[in-house]
Amino acid sequence: MDSTFRNLLSGPGYLRVMGAHDGLTATLAQNAGFDAIWAGGLGISSSFRVPDAGLLTMTEFLNAAAQMRAACSVPVIADVDAGFGDVNVVRRMVQLYEVAGIDAICIEDKQYPKRNSFRDGHQLEDPGAFAQKIAVAKAAQRGTDFVVIARLESLIAGAGMDDALSRAELYHDTGADAVLIHSRASHADEIREFCERWQGTGRDVPVFCVPTTYAGVTARELGEMGVSGIIYANHAIRASTKAVSEALASIAKHDSSSEVESSLATLGELFELVGMNDVLGDEPWQGVPEPANTR
Ligand code: SPV
Ligand code: MG
């Protein structure tokens, strides 16, 4: 990686981050030009065909994120729900994710068992208890590059903008490197208001957002509001769900794949993507090459 995620984040402009759920989708996101990967809980859970409701273990999430880390070279931000447990679990989690080469974690201020933010019935974590998780997470990292993003669920849980801002200040005071303001409004007004008021506090701290329900706004417009990282959290899993189900239904219906062949990746494209053409051992053994520049 040319630059650490921390450096990228502190640079000018905004980062476009694409949600992925495995090594292949992470590679597709990188190839499409996204700046970073979101190893998202909804995508990973869906790929196991389980609900995004705190069911997968930390190890399952970590293995999925590590698979993405190995597959691509852009930074990987891991969604770690509410941290999988108490502060002791958070401490161990940070150590494991950092050792696995994950660039950042995003931890949210909801109580276990969490629900996906587009469902109802959320219980916010006590602000002090969550701030302690942030402090423990920051103290646990060994290097200086690892980034901890504190995710604010106040607007999702109906606690309002003042609650979001006071929590953001507290979480930043206890060490958060960035905050994520989550909203499920159909327009970006909440994001605009948060950014204005956040900038008004004089804190130069990156803000992330997740434009799922306010899809009409562009990344550039969000960047102009002051957002540093725009996360398209669930688009890859939704795209693949629809594309796969349509292709399989067509093959079943027509008793043949001929109708869908033109909409499928070719085997050549797939081989290229996964490095099949670089597999060693198929060519005859040529011996150890002579070192260059010898007499
Ligand atoms: C996820 O992708 O798992 C997220 C983002 O947490 S969202 O589903 O938009 O809440
Ligand atoms: Mg999630």
# chains A, B, ... in the order shown; residues from 1 in each chain; ligands from 1
call {"tool": "residues_around", "arguments": {"residues": "region 180-185 of chain A", "least_positions_apart": "6", "cutoff": "10 Å", "atoms": "only C-alpha atoms", "output": "tab-separated table (two decimals) with C-alpha atoms, in the first residue's frame"}}
result
chain	number	residue	atom	x	y	z
A	106	CYS	CA	-15.84	1.16	12.86
A	107	ILE	CA	-17.58	0.51	16.18
A	108	GLU	CA	-21.16	1.62	16.84
A	117	SER	CA	-29.85	0.24	11.29
A	118	PHE	CA	-32.60	0.01	8.70
A	149	ILE	CA	-14.10	5.24	13.76
A	150	ALA	CA	-16.85	5.88	16.32
A	151	ARG	CA	-20.26	5.35	14.76
A	152	LEU	CA	-23.13	7.46	16.04
A	153	GLU	CA	-26.54	5.80	16.00
A	154	SER	CA	-28.46	8.66	17.68
A	155	LEU	CA	-30.41	9.59	14.56
A	156	ILE	CA	-31.18	5.93	13.82
A	157	ALA	CA	-32.48	5.38	17.38
A	161	MET	CA	-29.06	15.65	16.58
A	164	ALA	CA	-25.37	12.79	18.21
A	165	LEU	CA	-23.21	15.89	18.55
A	168	ALA	CA	-19.38	12.79	18.91
A	191	ILE	CA	-25.82	14.95	7.20
A	194	PHE	CA	-24.38	17.41	11.46
A	195	CYS	CA	-21.40	18.54	9.37
A	206	PRO	CA	-13.14	13.26	9.63
A	207	VAL	CA	-16.83	12.43	9.22
A	208	PHE	CA	-18.13	9.33	7.44
A	209	CYS	CA	-21.66	8.71	6.20
A	210	VAL	CA	-23.61	5.89	4.55
A	211	PRO	CA	-25.86	7.15	1.75
A	212	THR	CA	-28.26	4.23	1.42
A	213	THR	CA	-31.65	5.95	1.86
A	214	TYR	CA	-30.47	9.34	0.57
A	227	VAL	CA	-17.93	14.50	4.63
A	228	SER	CA	-14.51	12.79	4.34
A	229	GLY	CA	-15.64	9.22	3.69
A	230	ILE	CA	-18.71	8.03	1.81
A	231	ILE	CA	-19.56	4.37	2.37
call {"tool": "residues_near_ligand", "arguments": {"ligand": "ligand 2", "cutoff": "6 Å", "atoms": "only C-alpha atoms and all ligand atoms", "output": "list in words"}}
result
Gly40, Gly41, Leu42, Asp79 and Asp81 of chain A
call {"tool": "write_last_selection", "arguments": {"atoms": "C-alpha atoms", "output": "compact mmCIF listing (two decimals), in the first residue's frame"}}
result
# COMPACT_ATOMS: atom_id res chain seq x y z
CA GLY A 40 -19.66 -4.63 6.25
CA GLY A 41 -21.69 -6.66 8.70
CA LEU A 42 -24.80 -6.70 6.53
CA ASP A 79 -17.49 -2.96 10.56
CA ASP A 81 -20.84 -3.85 15.16
call {"tool": "closest_residue", "arguments": {"among": "A:Arg142, A:Arg119, A:Arg92, A:Arg203", "to": "ligand 1", "atoms": "only C-alpha atoms and all ligand atoms"}}
result
A:Arg119
call {"tool": "residues_around", "arguments": {"residues": "region 53-70 of chain A", "least_positions_apart": "6", "cutoff": "7 Å", "atoms": "only C-alpha atoms", "output": "number ranges by chain"}}
result
A: 21-23, 26, 39, 45, 76, 78, 84, 97, 100-102, 113-116
call {"tool": "write_last_selection", "arguments": {"atoms": "N, CA and C atoms", "output": "PDB file, in the first residue's frame"}}
result
ATOM      1  N   HIS A  21     -18.024  -8.255   0.590  1.00  0.00           N
ATOM      2  CA  HIS A  21     -18.275  -9.345   1.535  1.00  0.00           C
ATOM      3  C   HIS A  21     -17.313 -10.510   1.372  1.00  0.00           C
ATOM      4  N   ASP A  22     -16.427 -10.428   0.392  1.00  0.00           N
ATOM      5  CA  ASP A  22     -15.415 -11.483   0.239  1.00  0.00           C
ATOM      6  C   ASP A  22     -14.276 -10.936  -0.618  1.00  0.00           C
ATOM      7  N   GLY A  23     -13.292 -11.787  -0.861  1.00  0.00           N
ATOM      8  CA  GLY A  23     -12.123 -11.324  -1.604  1.00  0.00           C
ATOM      9  C   GLY A  23     -12.462 -10.886  -3.021  1.00  0.00           C
ATOM     10  N   ALA A  26     -14.255  -7.492  -2.986  1.00  0.00           N
ATOM     11  CA  ALA A  26     -13.286  -6.448  -2.623  1.00  0.00           C
ATOM     12  C   ALA A  26     -12.429  -6.093  -3.846  1.00  0.00           C
ATOM     13  N   ALA A  39     -15.737  -3.674   4.963  1.00  0.00           N
ATOM     14  CA  ALA A  39     -16.051  -5.074   5.248  1.00  0.00           C
ATOM     15  C   ALA A  39     -17.279  -5.054   6.145  1.00  0.00           C
ATOM     16  N   SER A  45     -22.835 -10.938   6.726  1.00  0.00           N
ATOM     17  CA  SER A  45     -23.906 -11.783   7.281  1.00  0.00           C
ATOM     18  C   SER A  45     -24.773 -12.342   6.160  1.00  0.00           C
ATOM     19  N   VAL A  76      -8.784  -1.456   4.093  1.00  0.00           N
ATOM     20  CA  VAL A  76     -10.004  -2.169   4.496  1.00  0.00           C
ATOM     21  C   VAL A  76     -10.475  -1.610   5.841  1.00  0.00           C
ATOM     22  N   ALA A  78     -13.137  -2.311   8.720  1.00  0.00           N
ATOM     23  CA  ALA A  78     -14.000  -3.398   9.185  1.00  0.00           C
ATOM     24  C   ALA A  78     -15.112  -2.855  10.069  1.00  0.00           C
ATOM     25  N   PHE A  84     -18.575  -6.681  19.806  1.00  0.00           N
ATOM     26  CA  PHE A  84     -18.709  -8.115  20.131  1.00  0.00           C
ATOM     27  C   PHE A  84     -18.670  -8.439  21.617  1.00  0.00           C
ATOM     28  N   TYR A  97      -7.470  -7.565  14.893  1.00  0.00           N
ATOM     29  CA  TYR A  97      -7.704  -6.884  13.612  1.00  0.00           C
ATOM     30  C   TYR A  97      -6.446  -6.157  13.138  1.00  0.00           C
ATOM     31  N   ALA A 100      -4.004  -8.571  11.750  1.00  0.00           N
ATOM     32  CA  ALA A 100      -4.480  -9.086  10.456  1.00  0.00           C
ATOM     33  C   ALA A 100      -4.304  -8.071   9.320  1.00  0.00           C
ATOM     34  N   GLY A 101      -3.812  -6.882   9.651  1.00  0.00           N
ATOM     35  CA  GLY A 101      -3.552  -5.888   8.607  1.00  0.00           C
ATOM     36  C   GLY A 101      -4.760  -5.047   8.229  1.00  0.00           C
ATOM     37  N   ILE A 102      -5.808  -5.117   9.027  1.00  0.00           N
ATOM     38  CA  ILE A 102      -6.989  -4.289   8.772  1.00  0.00           C
ATOM     39  C   ILE A 102      -6.624  -2.842   9.131  1.00  0.00           C
ATOM     40  N   PRO A 113     -28.277  -7.215  21.789  1.00  0.00           N
ATOM     41  CA  PRO A 113     -27.998  -7.604  20.411  1.00  0.00           C
ATOM     42  C   PRO A 113     -28.408  -6.499  19.448  1.00  0.00           C
ATOM     43  N   LYS A 114     -27.481  -6.094  18.621  1.00  0.00           N
ATOM     44  CA  LYS A 114     -27.777  -5.009  17.686  1.00  0.00           C
ATOM     45  C   LYS A 114     -28.688  -5.494  16.558  1.00  0.00           C
ATOM     46  N   ARG A 115     -29.340  -4.539  15.952  1.00  0.00           N
ATOM     47  CA  ARG A 115     -30.130  -4.807  14.752  1.00  0.00           C
ATOM     48  C   ARG A 115     -29.571  -3.935  13.645  1.00  0.00           C
ATOM     49  N   ASN A 116     -29.687  -4.378  12.399  1.00  0.00           N
ATOM     50  CA  ASN A 116     -29.293  -3.529  11.289  1.00  0.00           C
ATOM     51  C   ASN A 116     -30.008  -2.188  11.408  1.00  0.00           C
TER      52      ASN A 116
END
call {"tool": "closest_residue", "arguments": {"among": "A:Tyr232, A:Phe48, A:Trp198, A:Tyr14", "to": "ligand 1", "atoms": "only C-alpha atoms and all ligand atoms"}}
result
A:Tyr232
call {"tool": "closest_residue", "arguments": {"among": "A:Gly143, A:Pro12, A:Gly33, A:Gly43", "to": "ligand 1", "atoms": "only C-alpha atoms and all ligand atoms"}}
result
A:Gly43
call {"tool": "select_by_dssp", "arguments": {"residues": "region 20-200 of chain A", "states": "strand (DSSP E)", "output": "number ranges by chain"}}
result
A: 20, 36-39, 76-79, 104-108, 147-152, 178-181
call {"tool": "atom_distance", "arguments": {"atom1": "CA of Lys110 (chain A)", "atom2": "CA of His122 (chain A)"}}
result
7.0 Å
call {"tool": "residues_around", "arguments": {"residues": "Asn277 (chain A)", "least_positions_apart": "6", "cutoff": "12 Å", "atoms": "only C-alpha atoms", "output": "list in words"}}
result
Leu267, Gly268, Glu269, Leu270, Phe271 and Glu283 of chain A
call {"tool": "closest_residue", "arguments": {"among": "A:Thr4, A:Ala236, A:Leu15, A:Gln141", "to": "ligand 1", "atoms": "only C-alpha atoms and all ligand atoms"}}
result
A:Ala236
call {"tool": "select_by_dssp", "arguments": {"residues": "region 221-257 of chain A", "states": "alpha helix (DSSP H)", "output": "VMD selection string"}}
result
chain A and resid 221 to 225 235 to 254
call {"tool": "residues_around", "arguments": {"residues": "Arg220 (chain A)", "least_positions_apart": "3", "cutoff": "9 Å", "atoms": "only C-alpha atoms", "output": "PyMOL selection string"}}
result
chain A and resi 13-14+217+223-225
